[in-house]
>>> print(open('entry12.cif').read())   # mmCIF, C-alpha atoms
data_upload
loop_
_atom_site.group_PDB
_atom_site.id
_atom_site.type_symbol
_atom_site.label_atom_id
_atom_site.label_comp_id
_atom_site.auth_asym_id
_atom_site.auth_seq_id
_atom_site.Cartn_x
_atom_site.Cartn_y
_atom_site.Cartn_z
ATOM 1 C CA MET J 1 -50.715 76.326 -86.160
ATOM 2 C CA THR J 2 -52.400 74.313 -83.380
ATOM 3 C CA ALA J 3 -49.997 71.980 -81.584
ATOM 4 C CA GLN J 4 -50.788 68.287 -81.819
ATOM 5 C CA PRO J 5 -51.662 66.505 -78.576
ATOM 6 C CA HIS J 6 -49.015 64.372 -76.914
ATOM 7 C CA HIS J 7 -49.760 60.709 -77.692
ATOM 8 C CA VAL J 8 -49.938 58.360 -74.689
ATOM 9 C CA ALA J 9 -50.179 54.577 -75.141
ATOM 10 C CA VAL J 10 -51.305 52.511 -72.144
ATOM 11 C CA LEU J 11 -50.304 48.853 -72.375
ATOM 12 C CA ALA J 12 -53.005 46.557 -70.958
ATOM 13 C CA LEU J 13 -51.537 43.148 -70.148
ATOM 14 C CA ASP J 14 -53.481 40.064 -69.084
ATOM 15 C CA GLY J 15 -54.217 40.293 -65.373
ATOM 16 C CA VAL J 16 -54.169 44.096 -65.458
ATOM 17 C CA ILE J 17 -55.653 45.860 -62.435
ATOM 18 C CA PRO J 18 -58.570 48.011 -63.658
ATOM 19 C CA PHE J 19 -57.941 50.852 -61.188
ATOM 20 C CA GLU J 20 -54.367 51.393 -62.355
ATOM 21 C CA LEU J 21 -55.353 50.918 -65.997
ATOM 22 C CA GLY J 22 -57.862 53.759 -65.766
ATOM 23 C CA ILE J 23 -55.550 56.333 -64.184
ATOM 24 C CA PRO J 24 -53.808 57.617 -67.359
ATOM 25 C CA GLN J 25 -57.079 58.201 -69.224
ATOM 26 C CA ARG J 26 -58.591 59.929 -66.207
ATOM 27 C CA ILE J 27 -55.629 62.276 -65.654
ATOM 28 C CA PHE J 28 -54.284 62.927 -69.149
ATOM 29 C CA GLY J 29 -57.748 62.896 -70.685
ATOM 30 C CA ARG J 30 -58.720 65.863 -68.479
ATOM 31 C CA ALA J 31 -55.669 68.010 -69.273
ATOM 32 C CA ARG J 32 -56.686 70.930 -71.489
ATOM 33 C CA THR J 33 -55.617 74.434 -72.395
ATOM 34 C CA PRO J 34 -57.698 77.386 -71.118
ATOM 35 C CA GLU J 35 -59.368 77.350 -74.539
ATOM 36 C CA GLY J 36 -60.405 73.719 -74.077
ATOM 37 C CA ARG J 37 -57.921 72.061 -76.439
ATOM 38 C CA ALA J 38 -56.894 68.545 -75.398
ATOM 39 C CA LEU J 39 -53.197 68.349 -74.507
ATOM 40 C CA TYR J 40 -52.966 64.548 -74.683
ATOM 41 C CA SER J 41 -54.516 61.706 -76.638
ATOM 42 C CA VAL J 42 -54.667 58.349 -74.846
ATOM 43 C CA ALA J 43 -54.831 54.950 -76.555
ATOM 44 C CA THR J 44 -55.166 51.712 -74.597
ATOM 45 C CA CYS J 45 -53.571 48.782 -76.386
ATOM 46 C CA GLY J 46 -52.847 45.083 -76.000
ATOM 47 C CA VAL J 47 -49.858 42.987 -77.035
ATOM 48 C CA ARG J 48 -51.850 40.739 -79.404
ATOM 49 C CA GLY J 49 -53.993 43.286 -81.225
ATOM 50 C CA PRO J 50 -57.465 44.733 -80.696
ATOM 51 C CA GLY J 51 -59.652 42.462 -78.606
ATOM 52 C CA PRO J 52 -60.319 41.207 -75.076
ATOM 53 C CA VAL J 53 -57.793 41.465 -72.235
ATOM 54 C CA ARG J 54 -58.269 39.691 -68.913
ATOM 55 C CA THR J 55 -58.240 41.765 -65.746
ATOM 56 C CA ASP J 56 -57.766 40.670 -62.145
ATOM 57 C CA ALA J 57 -61.446 41.507 -61.539
ATOM 58 C CA ASP J 58 -64.571 39.588 -62.560
ATOM 59 C CA PHE J 59 -64.715 41.242 -65.974
ATOM 60 C CA ASP J 60 -62.590 41.527 -69.100
ATOM 61 C CA ILE J 61 -61.922 44.679 -71.099
ATOM 62 C CA LEU J 62 -61.963 45.208 -74.843
ATOM 63 C CA VAL J 63 -59.044 47.249 -76.197
ATOM 64 C CA ALA J 64 -59.325 49.004 -79.546
ATOM 65 C CA HIS J 65 -55.608 49.004 -80.373
ATOM 66 C CA GLY J 66 -52.814 46.494 -80.790
ATOM 67 C CA PRO J 67 -49.063 46.875 -80.168
ATOM 68 C CA GLU J 68 -48.766 49.154 -83.202
ATOM 69 C CA ALA J 69 -50.016 51.950 -80.899
ATOM 70 C CA LEU J 70 -46.679 51.769 -79.076
ATOM 71 C CA ALA J 71 -44.842 52.859 -82.224
ATOM 72 C CA ALA J 72 -46.897 56.058 -82.453
ATOM 73 C CA ALA J 73 -46.625 56.958 -78.769
ATOM 74 C CA ASP J 74 -44.673 59.816 -77.233
ATOM 75 C CA THR J 75 -45.221 58.233 -73.812
ATOM 76 C CA VAL J 76 -45.790 54.539 -73.027
ATOM 77 C CA ILE J 77 -47.382 53.635 -69.677
ATOM 78 C CA VAL J 78 -47.366 50.140 -68.161
ATOM 79 C CA PRO J 79 -49.917 49.651 -65.354
ATOM 80 C CA ALA J 80 -49.694 46.784 -62.857
ATOM 81 C CA SER J 81 -50.680 43.246 -63.800
ATOM 82 C CA TYR J 82 -50.803 40.022 -61.803
ATOM 83 C CA GLU J 83 -50.138 37.722 -64.771
ATOM 84 C CA LEU J 84 -46.648 38.587 -65.963
ATOM 85 C CA GLY J 85 -45.292 35.026 -66.046
ATOM 86 C CA PRO J 86 -41.572 35.067 -66.899
ATOM 87 C CA VAL J 87 -41.279 38.724 -65.847
ATOM 88 C CA TYR J 88 -42.045 37.816 -62.218
ATOM 89 C CA GLU J 89 -40.521 34.348 -62.301
ATOM 90 C CA GLU J 90 -37.318 34.916 -64.259
ATOM 91 C CA GLY J 91 -36.957 38.675 -64.799
ATOM 92 C CA ARG J 92 -37.383 38.444 -68.577
ATOM 93 C CA LEU J 93 -40.031 39.448 -71.099
ATOM 94 C CA SER J 94 -42.220 36.892 -72.833
ATOM 95 C CA PRO J 95 -41.655 36.716 -76.617
ATOM 96 C CA GLU J 96 -44.877 38.623 -77.414
ATOM 97 C CA LEU J 97 -44.099 41.299 -74.831
ATOM 98 C CA ALA J 98 -40.552 41.640 -76.181
ATOM 99 C CA ALA J 99 -41.969 41.999 -79.698
ATOM 100 C CA ALA J 100 -44.348 44.710 -78.459
ATOM 101 C CA PHE J 101 -41.550 46.707 -76.817
ATOM 102 C CA ALA J 102 -39.440 46.395 -79.957
ATOM 103 C CA ARG J 103 -41.981 48.765 -81.540
ATOM 104 C CA VAL J 104 -41.260 51.557 -79.027
ATOM 105 C CA ARG J 105 -39.305 54.354 -80.683
ATOM 106 C CA PRO J 106 -35.992 55.533 -79.185
ATOM 107 C CA GLY J 107 -36.575 58.591 -77.011
ATOM 108 C CA THR J 108 -40.117 57.604 -76.050
ATOM 109 C CA ARG J 109 -40.930 58.464 -72.434
ATOM 110 C CA LEU J 110 -41.548 55.292 -70.398
ATOM 111 C CA VAL J 111 -43.758 55.199 -67.306
ATOM 112 C CA SER J 112 -44.799 52.428 -64.930
ATOM 113 C CA ILE J 113 -47.589 52.358 -62.363
ATOM 114 C CA CYS J 114 -47.131 50.144 -59.306
ATOM 115 C CA THR J 115 -45.613 46.761 -60.274
ATOM 116 C CA GLY J 116 -45.593 47.733 -63.941
ATOM 117 C CA SER J 117 -41.995 48.632 -63.058
ATOM 118 C CA TRP J 118 -41.173 44.913 -63.287
ATOM 119 C CA VAL J 119 -41.907 45.053 -67.012
ATOM 120 C CA LEU J 120 -39.659 48.076 -67.579
ATOM 121 C CA ALA J 121 -36.911 46.392 -65.540
ATOM 122 C CA ALA J 122 -37.211 43.120 -67.470
ATOM 123 C CA ALA J 123 -36.934 45.117 -70.700
ATOM 124 C CA GLY J 124 -33.663 46.637 -69.424
ATOM 125 C CA TYR J 125 -34.907 50.212 -69.209
ATOM 126 C CA LEU J 126 -34.194 50.535 -65.474
ATOM 127 C CA ASP J 127 -30.620 49.207 -65.383
ATOM 128 C CA GLY J 128 -28.480 51.664 -63.434
ATOM 129 C CA ARG J 129 -31.457 53.934 -62.800
ATOM 130 C CA PRO J 130 -33.349 54.839 -59.626
ATOM 131 C CA ALA J 131 -36.845 53.342 -59.604
ATOM 132 C CA THR J 132 -39.676 52.521 -57.244
ATOM 133 C CA THR J 133 -42.546 50.061 -57.041
ATOM 134 C CA HIS J 134 -45.151 49.012 -54.489
ATOM 135 C CA TRP J 135 -43.469 48.887 -51.071
ATOM 136 C CA ALA J 136 -44.685 45.315 -50.478
ATOM 137 C CA ASP J 137 -42.833 44.120 -53.617
ATOM 138 C CA ALA J 138 -39.717 46.278 -53.303
ATOM 139 C CA ALA J 139 -37.473 43.652 -51.711
ATOM 140 C CA ALA J 140 -38.377 41.003 -54.297
ATOM 141 C CA PHE J 141 -38.003 43.582 -57.071
ATOM 142 C CA GLN J 142 -34.483 44.422 -55.901
ATOM 143 C CA ARG J 143 -33.511 40.733 -55.711
ATOM 144 C CA MET J 144 -34.804 40.052 -59.212
ATOM 145 C CA PHE J 145 -33.209 43.185 -60.716
ATOM 146 C CA PRO J 146 -30.005 43.996 -58.771
ATOM 147 C CA ALA J 147 -28.920 46.566 -61.402
ATOM 148 C CA VAL J 148 -31.882 48.793 -60.490
ATOM 149 C CA ARG J 149 -31.443 51.359 -57.685
ATOM 150 C CA VAL J 150 -34.701 50.660 -55.850
ATOM 151 C CA ASP J 151 -36.142 53.292 -53.509
ATOM 152 C CA ALA J 152 -39.191 51.973 -51.648
ATOM 153 C CA GLU J 153 -39.762 55.171 -49.654
ATOM 154 C CA VAL J 154 -41.062 57.520 -52.351
ATOM 155 C CA LEU J 155 -44.385 57.877 -54.161
ATOM 156 C CA PHE J 156 -42.724 58.186 -57.562
ATOM 157 C CA ILE J 157 -39.360 58.760 -59.228
ATOM 158 C CA ASP J 158 -38.775 61.025 -62.215
ATOM 159 C CA ASP J 159 -35.518 60.034 -63.893
ATOM 160 C CA GLY J 160 -36.049 62.078 -67.015
ATOM 161 C CA SER J 161 -37.249 59.783 -69.788
ATOM 162 C CA VAL J 162 -38.136 56.930 -67.427
ATOM 163 C CA LEU J 163 -40.575 57.425 -64.542
ATOM 164 C CA THR J 164 -41.863 54.893 -62.009
ATOM 165 C CA SER J 165 -44.552 55.113 -59.345
ATOM 166 C CA ALA J 166 -45.250 53.286 -56.119
ATOM 167 C CA GLY J 167 -48.384 51.264 -55.534
ATOM 168 C CA VAL J 168 -51.908 51.861 -56.774
ATOM 169 C CA ALA J 169 -52.973 55.514 -56.181
ATOM 170 C CA ALA J 170 -49.359 56.705 -56.455
ATOM 171 C CA GLY J 171 -49.995 56.364 -60.182
ATOM 172 C CA ILE J 172 -52.279 59.395 -59.846
ATOM 173 C CA ASP J 173 -49.460 61.340 -58.174
ATOM 174 C CA LEU J 174 -47.067 60.432 -60.978
ATOM 175 C CA CYS J 175 -49.480 61.260 -63.810
ATOM 176 C CA LEU J 176 -50.278 64.635 -62.227
ATOM 177 C CA HIS J 177 -46.529 65.241 -61.892
ATOM 178 C CA ILE J 178 -46.084 64.516 -65.602
ATOM 179 C CA VAL J 179 -48.858 66.957 -66.507
ATOM 180 C CA ARG J 180 -47.218 69.562 -64.286
ATOM 181 C CA ARG J 181 -43.817 68.890 -65.838
ATOM 182 C CA ASP J 182 -45.244 69.150 -69.346
ATOM 183 C CA HIS J 183 -47.656 72.067 -68.932
ATOM 184 C CA GLY J 184 -47.181 73.725 -65.538
ATOM 185 C CA ALA J 185 -48.984 73.869 -62.216
ATOM 186 C CA ALA J 186 -52.163 75.582 -63.418
ATOM 187 C CA VAL J 187 -53.088 72.741 -65.791
ATOM 188 C CA ALA J 188 -52.137 70.030 -63.281
ATOM 189 C CA ASN J 189 -54.063 71.725 -60.484
ATOM 190 C CA ASP J 190 -57.130 72.007 -62.693
ATOM 191 C CA VAL J 191 -56.946 68.281 -63.473
ATOM 192 C CA ALA J 192 -56.532 67.521 -59.769
ATOM 193 C CA ARG J 193 -59.564 69.605 -58.873
ATOM 194 C CA ARG J 194 -61.688 67.888 -61.507
ATOM 195 C CA THR J 195 -60.485 64.500 -60.287
ATOM 196 C CA VAL J 196 -61.098 65.528 -56.640
ATOM 197 C CA VAL J 197 -57.577 64.632 -55.511
ATOM 198 C CA PRO J 198 -54.752 66.766 -54.067
ATOM 199 C CA PRO J 199 -52.336 68.072 -56.715
ATOM 200 C CA HIS J 200 -49.420 67.022 -54.499
ATOM 201 C CA ARG J 201 -49.174 64.581 -51.587
ATOM 202 C CA ASP J 202 -46.639 64.976 -48.818
ATOM 203 C CA GLY J 203 -44.227 62.273 -47.752
ATOM 204 C CA GLY J 204 -43.604 58.946 -49.407
ATOM 205 C CA GLN J 205 -44.574 55.303 -49.110
ATOM 206 C CA ALA J 206 -43.319 55.200 -45.542
ATOM 207 C CA GLN J 207 -46.647 56.570 -44.396
ATOM 208 C CA PHE J 208 -48.460 53.603 -45.973
ATOM 209 C CA ILE J 209 -46.317 50.750 -44.676
ATOM 210 C CA ARG J 210 -48.083 48.702 -42.021
ATOM 211 C CA ARG J 211 -47.757 50.151 -38.550
ATOM 212 C CA PRO J 212 -49.960 50.105 -35.448
ATOM 213 C CA VAL J 213 -53.199 52.018 -35.932
ATOM 214 C CA PRO J 214 -53.472 54.885 -33.388
ATOM 215 C CA GLU J 215 -56.369 55.018 -30.980
ATOM 216 C CA PRO J 216 -59.262 57.087 -32.394
ATOM 217 C CA GLN J 217 -58.985 59.716 -29.659
ATOM 218 C CA VAL J 218 -55.224 60.256 -30.060
ATOM 219 C CA ALA J 219 -54.470 63.771 -31.296
ATOM 220 C CA THR J 220 -52.906 64.219 -34.741
ATOM 221 C CA THR J 221 -50.734 66.898 -36.280
ATOM 222 C CA THR J 222 -53.391 68.120 -38.708
ATOM 223 C CA THR J 223 -54.048 71.373 -36.870
ATOM 224 C CA ALA J 224 -50.348 72.210 -36.726
ATOM 225 C CA ARG J 225 -49.911 71.582 -40.429
ATOM 226 C CA ALA J 226 -52.860 73.806 -41.335
ATOM 227 C CA TRP J 227 -51.528 76.494 -38.987
ATOM 228 C CA ALA J 228 -48.085 76.315 -40.586
ATOM 229 C CA LEU J 229 -49.425 76.453 -44.157
ATOM 230 C CA ALA J 230 -51.071 79.780 -43.358
ATOM 231 C CA ARG J 231 -47.750 81.125 -42.059
ATOM 232 C CA LEU J 232 -45.115 79.792 -44.446
ATOM 233 C CA HIS J 233 -43.773 83.327 -44.907
ATOM 234 C CA GLU J 234 -42.948 83.526 -41.193
ATOM 235 C CA PRO J 235 -39.972 81.959 -39.380
ATOM 236 C CA LEU J 236 -41.487 78.808 -37.832
ATOM 237 C CA GLN J 237 -39.878 76.852 -35.029
ATOM 238 C CA LEU J 238 -40.546 73.229 -34.143
ATOM 239 C CA ARG J 239 -41.816 74.226 -30.724
ATOM 240 C CA ASP J 240 -44.370 76.557 -32.390
ATOM 241 C CA LEU J 241 -45.872 73.642 -34.285
ATOM 242 C CA ALA J 242 -45.822 71.363 -31.237
ATOM 243 C CA GLU J 243 -47.678 73.999 -29.211
ATOM 244 C CA GLN J 244 -50.556 73.938 -31.704
ATOM 245 C CA GLU J 245 -51.208 70.330 -30.704
ATOM 246 C CA SER J 246 -50.301 70.796 -27.013
ATOM 247 C CA MET J 247 -47.541 68.212 -27.370
ATOM 248 C CA SER J 248 -43.937 68.082 -26.344
ATOM 249 C CA VAL J 249 -41.472 68.616 -29.172
ATOM 250 C CA ARG J 250 -40.355 65.000 -28.935
ATOM 251 C CA THR J 251 -43.877 63.551 -29.093
ATOM 252 C CA PHE J 252 -44.899 65.929 -31.865
ATOM 253 C CA THR J 253 -41.843 65.047 -33.972
ATOM 254 C CA ARG J 254 -42.505 61.316 -33.619
ATOM 255 C CA ARG J 255 -46.222 61.666 -34.375
ATOM 256 C CA PHE J 256 -45.535 63.966 -37.332
ATOM 257 C CA ARG J 257 -43.152 61.483 -38.954
ATOM 258 C CA GLU J 258 -45.601 58.628 -38.395
ATOM 259 C CA GLU J 259 -48.361 60.564 -40.150
ATOM 260 C CA THR J 260 -46.449 62.154 -43.031
ATOM 261 C CA GLY J 261 -43.373 59.993 -43.537
ATOM 262 C CA VAL J 262 -41.018 62.981 -43.177
ATOM 263 C CA SER J 263 -39.741 65.205 -40.371
ATOM 264 C CA PRO J 264 -41.419 68.563 -39.619
ATOM 265 C CA GLY J 265 -38.400 70.395 -41.047
ATOM 266 C CA GLN J 266 -38.480 68.390 -44.277
ATOM 267 C CA TRP J 267 -42.222 68.940 -44.587
ATOM 268 C CA LEU J 268 -41.874 72.702 -44.131
ATOM 269 C CA THR J 269 -39.194 72.823 -46.804
ATOM 270 C CA GLN J 270 -41.405 70.831 -49.184
ATOM 271 C CA GLN J 271 -44.319 73.196 -48.633
ATOM 272 C CA ARG J 272 -42.136 76.262 -49.125
ATOM 273 C CA VAL J 273 -40.719 74.827 -52.345
ATOM 274 C CA GLU J 274 -44.259 74.195 -53.613
ATOM 275 C CA ARG J 275 -45.279 77.742 -52.624
ATOM 276 C CA ALA J 276 -42.240 79.157 -54.444
ATOM 277 C CA ARG J 277 -42.999 77.110 -57.564
ATOM 278 C CA HIS J 278 -46.583 78.344 -57.588
ATOM 279 C CA LEU J 279 -45.506 81.988 -57.254
ATOM 280 C CA LEU J 280 -42.805 81.637 -59.894
ATOM 281 C CA GLU J 281 -45.336 80.184 -62.327
ATOM 282 C CA THR J 282 -48.293 82.448 -61.658
ATOM 283 C CA SER J 283 -46.996 85.813 -60.437
ATOM 284 C CA ALA J 284 -44.768 88.667 -61.561
ATOM 285 C CA LEU J 285 -43.165 89.003 -58.112
ATOM 286 C CA SER J 286 -39.400 89.448 -58.050
ATOM 287 C CA ILE J 287 -37.236 86.486 -57.070
ATOM 288 C CA ASP J 288 -36.462 88.190 -53.748
ATOM 289 C CA GLN J 289 -40.169 88.718 -53.017
ATOM 290 C CA VAL J 290 -41.000 85.119 -53.920
ATOM 291 C CA ALA J 291 -38.270 83.964 -51.531
ATOM 292 C CA ARG J 292 -39.741 86.082 -48.718
ATOM 293 C CA ASP J 293 -43.332 85.070 -49.379
ATOM 294 C CA ALA J 294 -42.395 81.378 -49.518
ATOM 295 C CA GLY J 295 -40.551 81.649 -46.218
ATOM 296 C CA PHE J 296 -36.992 81.158 -47.437
ATOM 297 C CA GLY J 297 -35.927 84.644 -46.383
ATOM 298 C CA THR J 298 -33.317 85.131 -49.089
ATOM 299 C CA ALA J 299 -33.106 84.408 -52.782
ATOM 300 C CA GLN J 300 -29.927 82.415 -52.186
ATOM 301 C CA SER J 301 -31.669 80.113 -49.719
ATOM 302 C CA MET J 302 -34.582 79.587 -52.101
ATOM 303 C CA ARG J 303 -32.202 78.926 -54.977
ATOM 304 C CA GLN J 304 -30.445 76.186 -53.010
ATOM 305 C CA HIS J 305 -33.684 74.471 -51.979
ATOM 306 C CA LEU J 306 -35.322 74.731 -55.404
ATOM 307 C CA GLN J 307 -32.194 73.433 -57.096
ATOM 308 C CA ALA J 308 -32.154 70.451 -54.725
ATOM 309 C CA ALA J 309 -35.868 69.754 -55.275
ATOM 310 C CA VAL J 310 -36.304 70.226 -59.033
ATOM 311 C CA GLY J 311 -32.783 70.601 -60.376
ATOM 312 C CA VAL J 312 -33.053 74.144 -61.748
ATOM 313 C CA THR J 313 -32.681 77.717 -60.494
ATOM 314 C CA PRO J 314 -35.734 79.936 -59.775
ATOM 315 C CA THR J 315 -35.036 82.022 -62.884
ATOM 316 C CA THR J 316 -34.815 78.958 -65.116
ATOM 317 C CA TYR J 317 -37.929 77.459 -63.551
ATOM 318 C CA ARG J 318 -39.915 80.633 -64.129
ATOM 319 C CA ARG J 319 -38.694 80.968 -67.705
ATOM 320 C CA THR J 320 -39.686 77.382 -68.451
ATOM 321 C CA PHE J 321 -43.141 77.278 -66.907
ATOM 322 C CA GLN J 322 -44.345 80.802 -67.550
ATOM 323 C CA ALA J 323 -43.581 80.253 -71.248
ATOM 324 C CA LEU J 324 -45.815 77.166 -71.464
ATOM 325 C CA PRO J 325 -49.552 77.298 -72.283
#
>>> encode(input="entry12.cif", output="structure tokens")
Amino acid sequence: MTAQPHHVAVLALDGVIPFELGIPQRIFGRARTPEGRALYSVATCGVRGPGPVRTDADFDILVAHGPEALAAADTVIVPASYELGPVYEEGRLSPELAAAFARVRPGTRLVSICTGSWVLAAAGYLDGRPATTHWADAAAFQRMFPAVRVDAEVLFIDDGSVLTSAGVAAGIDLCLHIVRRDHGAAVANDVARRTVVPPHRDGGQAQFIRRPVPEPQVATTTTARAWALARLHEPLQLRDLAEQESMSVRTFTRRFREETGVSPGQWLTQQRVERARHLLETSALSIDQVARDAGFGTAQSMRQHLQAAVGVTPTTYRRTFQALP
């Protein structure tokens, strides 16, 4: 029997930002099996019923569904809006928004893009949970919702059934992550290629916070990163990377953190974890061989890093993702 697609409802509120509103359809609408079967169905809905919804641009949109779409959804996504009224002003839902969320079934996965996190927080879904939002709004978000554990440094947070993303394009990162979590790296990478975006971005929001713009002729760490990616299986030292840019270790470390938001050591670990995940999903290599090829040296080292990154052992990860379509 053919599996039914996962139902995604995208809640378009007055003042919605069109870019963020379009992300779920663009990402989930492109996710398919190798045979071409759609893995998700996406319905955009309003709180008042089918009809026009104002955007923050010079045009309105016409949604085909009302809040009843929330009751049928497996995942509900709230993009950013600039007209949230009592949500922004008092940290509470308006009566019509509260009535819409009352339709959401228990166990439904909840997702916010950018400042859509304010809506989830006002509904009480983020109390006691880690969450993120646009870095420029993080301080105000924390003041309005002190029960939320706000992290303004990351691109997104996956807390199981509730996921939040940072500003604007970080919604793409989060939606690709959800596809990867649901159906594995091959499907997510295919969607990323079709969307012409990277399947995974390094660092967090720190790299996007305002800071002095470097002079155009100042060298970057791009060459060193490309050099390292081709040699992840080798033992790499900080001085080796700095030499690729003809920089001192101190200057290279500072420049690297400015450009990526993480230290060179953290970045290398991230890349090796991603390499290990790819090999675990797509190859029949032994755990020991995956550890060597990813640059961890030993299976024990890889197990520790993978457990810290994704919360499961290499064997469990492989069993989960190799079993999916």
>>> residues_around(input="entry12.cif", residues="Thr55 of chain J", least_positions_apart="4", cutoff="10 Å", atoms="only C-alpha atoms", output="list in words")
Ala12, Leu13, Asp14, Gly15, Val16, Ile17, Pro18, Leu21, Phe59, Asp60, Ile61, Ser81, Tyr82 and Glu83 of chain J
>>> write_last_selection(input="entry12.cif", atoms="C-alpha atoms", output="CSV table (one decimal), keeping the file's coordinate frame")
chain,number,residue,atom,x,y,z
J,12,ALA,CA,-53.0,46.6,-71.0
J,13,LEU,CA,-51.5,43.1,-70.1
J,14,ASP,CA,-53.5,40.1,-69.1
J,15,GLY,CA,-54.2,40.3,-65.4
J,16,VAL,CA,-54.2,44.1,-65.5
J,17,ILE,CA,-55.7,45.9,-62.4
J,18,PRO,CA,-58.6,48.0,-63.7
J,21,LEU,CA,-55.4,50.9,-66.0
J,59,PHE,CA,-64.7,41.2,-66.0
J,60,ASP,CA,-62.6,41.5,-69.1
J,61,ILE,CA,-61.9,44.7,-71.1
J,81,SER,CA,-50.7,43.2,-63.8
J,82,TYR,CA,-50.8,40.0,-61.8
J,83,GLU,CA,-50.1,37.7,-64.8
>>> resolve_selection(input="entry12.cif", expression="the PyMOL selection byres ((chain J and resi 259) around 9)", output="tab-separated table (two decimals) with C-alpha atoms, in the frame of the given file")
chain	number	residue	atom	x	y	z
J	203	GLY	CA	-44.23	62.27	-47.75
J	207	GLN	CA	-46.65	56.57	-44.40
J	220	THR	CA	-52.91	64.22	-34.74
J	221	THR	CA	-50.73	66.90	-36.28
J	254	ARG	CA	-42.50	61.32	-33.62
J	255	ARG	CA	-46.22	61.67	-34.38
J	256	PHE	CA	-45.54	63.97	-37.33
J	257	ARG	CA	-43.15	61.48	-38.95
J	258	GLU	CA	-45.60	58.63	-38.40
J	260	THR	CA	-46.45	62.15	-43.03
J	261	GLY	CA	-43.37	59.99	-43.54
J	262	VAL	CA	-41.02	62.98	-43.18
>>> atom_distance(input="entry12.cif", atom1="atom CA of Leu163 of chain J", atom2="atom CA of Val111 of chain J")
4.8 Å
>>> residues_around(input="entry12.cif", residues="Arg129 of chain J", least_positions_apart="5", cutoff="12 Å", atoms="only C-alpha atoms", output="MDAnalysis selection string")
chainID J and resid 117 120:121 124 145:151 157:164
>>> atom_distance(input="entry12.cif", atom1="atom CA of Ala169 of chain J", atom2="atom CA of Trp227 of chain J")
27.2 Å
>>> closest_residue(input="entry12.cif", among="J:Phe321, J:Tyr125, J:Tyr40, J:Phe28", to="His183 of chain J", atoms="only C-alpha atoms")
J:Phe321
>>> residues_around(input="entry12.cif", residues="His134 of chain J", least_positions_apart="2", cutoff="12 Å", atoms="all atoms listed in the file", output="ChimeraX atom specification")
/J:79-80,112-118,131-132,136-142,150-156,164-171,204-206,208-209
>>> write_last_selection(input="entry12.cif", atoms="C-alpha atoms", output="PDB file, keeping the file's coordinate frame")
ATOM      1  CA  PRO J  79     -49.917  49.651 -65.354  1.00  0.00           C
ATOM      2  CA  ALA J  80     -49.694  46.784 -62.857  1.00  0.00           C
ATOM      3  CA  SER J 112     -44.799  52.428 -64.930  1.00  0.00           C
ATOM      4  CA  ILE J 113     -47.589  52.358 -62.363  1.00  0.00           C
ATOM      5  CA  CYS J 114     -47.131  50.144 -59.306  1.00  0.00           C
ATOM      6  CA  THR J 115     -45.613  46.761 -60.274  1.00  0.00           C
ATOM      7  CA  GLY J 116     -45.593  47.733 -63.941  1.00  0.00           C
ATOM      8  CA  SER J 117     -41.995  48.632 -63.058  1.00  0.00           C
ATOM      9  CA  TRP J 118     -41.173  44.913 -63.287  1.00  0.00           C
ATOM     10  CA  ALA J 131     -36.845  53.342 -59.604  1.00  0.00           C
ATOM     11  CA  THR J 132     -39.676  52.521 -57.244  1.00  0.00           C
ATOM     12  CA  ALA J 136     -44.685  45.315 -50.478  1.00  0.00           C
ATOM     13  CA  ASP J 137     -42.833  44.120 -53.617  1.00  0.00           C
ATOM     14  CA  ALA J 138     -39.717  46.278 -53.303  1.00  0.00           C
ATOM     15  CA  ALA J 139     -37.473  43.652 -51.711  1.00  0.00           C
ATOM     16  CA  ALA J 140     -38.377  41.003 -54.297  1.00  0.00           C
ATOM     17  CA  PHE J 141     -38.003  43.582 -57.071  1.00  0.00           C
ATOM     18  CA  GLN J 142     -34.483  44.422 -55.901  1.00  0.00           C
ATOM     19  CA  VAL J 150     -34.701  50.660 -55.850  1.00  0.00           C
ATOM     20  CA  ASP J 151     -36.142  53.292 -53.509  1.00  0.00           C
ATOM     21  CA  ALA J 152     -39.191  51.973 -51.648  1.00  0.00           C
ATOM     22  CA  GLU J 153     -39.762  55.171 -49.654  1.00  0.00           C
ATOM     23  CA  VAL J 154     -41.062  57.520 -52.351  1.00  0.00           C
ATOM     24  CA  LEU J 155     -44.385  57.877 -54.161  1.00  0.00           C
ATOM     25  CA  PHE J 156     -42.724  58.186 -57.562  1.00  0.00           C
ATOM     26  CA  THR J 164     -41.863  54.893 -62.009  1.00  0.00           C
ATOM     27  CA  SER J 165     -44.552  55.113 -59.345  1.00  0.00           C
ATOM     28  CA  ALA J 166     -45.250  53.286 -56.119  1.00  0.00           C
ATOM     29  CA  GLY J 167     -48.384  51.264 -55.534  1.00  0.00           C
ATOM     30  CA  VAL J 168     -51.908  51.861 -56.774  1.00  0.00           C
ATOM     31  CA  ALA J 169     -52.973  55.514 -56.181  1.00  0.00           C
ATOM     32  CA  ALA J 170     -49.359  56.705 -56.455  1.00  0.00           C
ATOM     33  CA  GLY J 171     -49.995  56.364 -60.182  1.00  0.00           C
ATOM     34  CA  GLY J 204     -43.604  58.946 -49.407  1.00  0.00           C
ATOM     35  CA  GLN J 205     -44.574  55.303 -49.110  1.00  0.00           C
ATOM     36  CA  ALA J 206     -43.319  55.200 -45.542  1.00  0.00           C
ATOM     37  CA  PHE J 208     -48.460  53.603 -45.973  1.00  0.00           C
ATOM     38  CA  ILE J 209     -46.317  50.750 -44.676  1.00  0.00           C
TER      39      ILE J 209
END
>>> resolve_selection(input="entry12.cif", expression="the PyMOL selection byres ((chain J and resi 279) around 12)", output="ChimeraX atom specification")
/J:184-186,272-278,280-294,314-315,317-318,321-322
>>> resolve_selection(input="entry12.cif", expression="the PyMOL selection byres ((chain J and resi 62-78) around 7)", output="number ranges by chain")
J: 6-11, 44-53, 60-61, 79-80, 100, 103-105, 108-113, 116
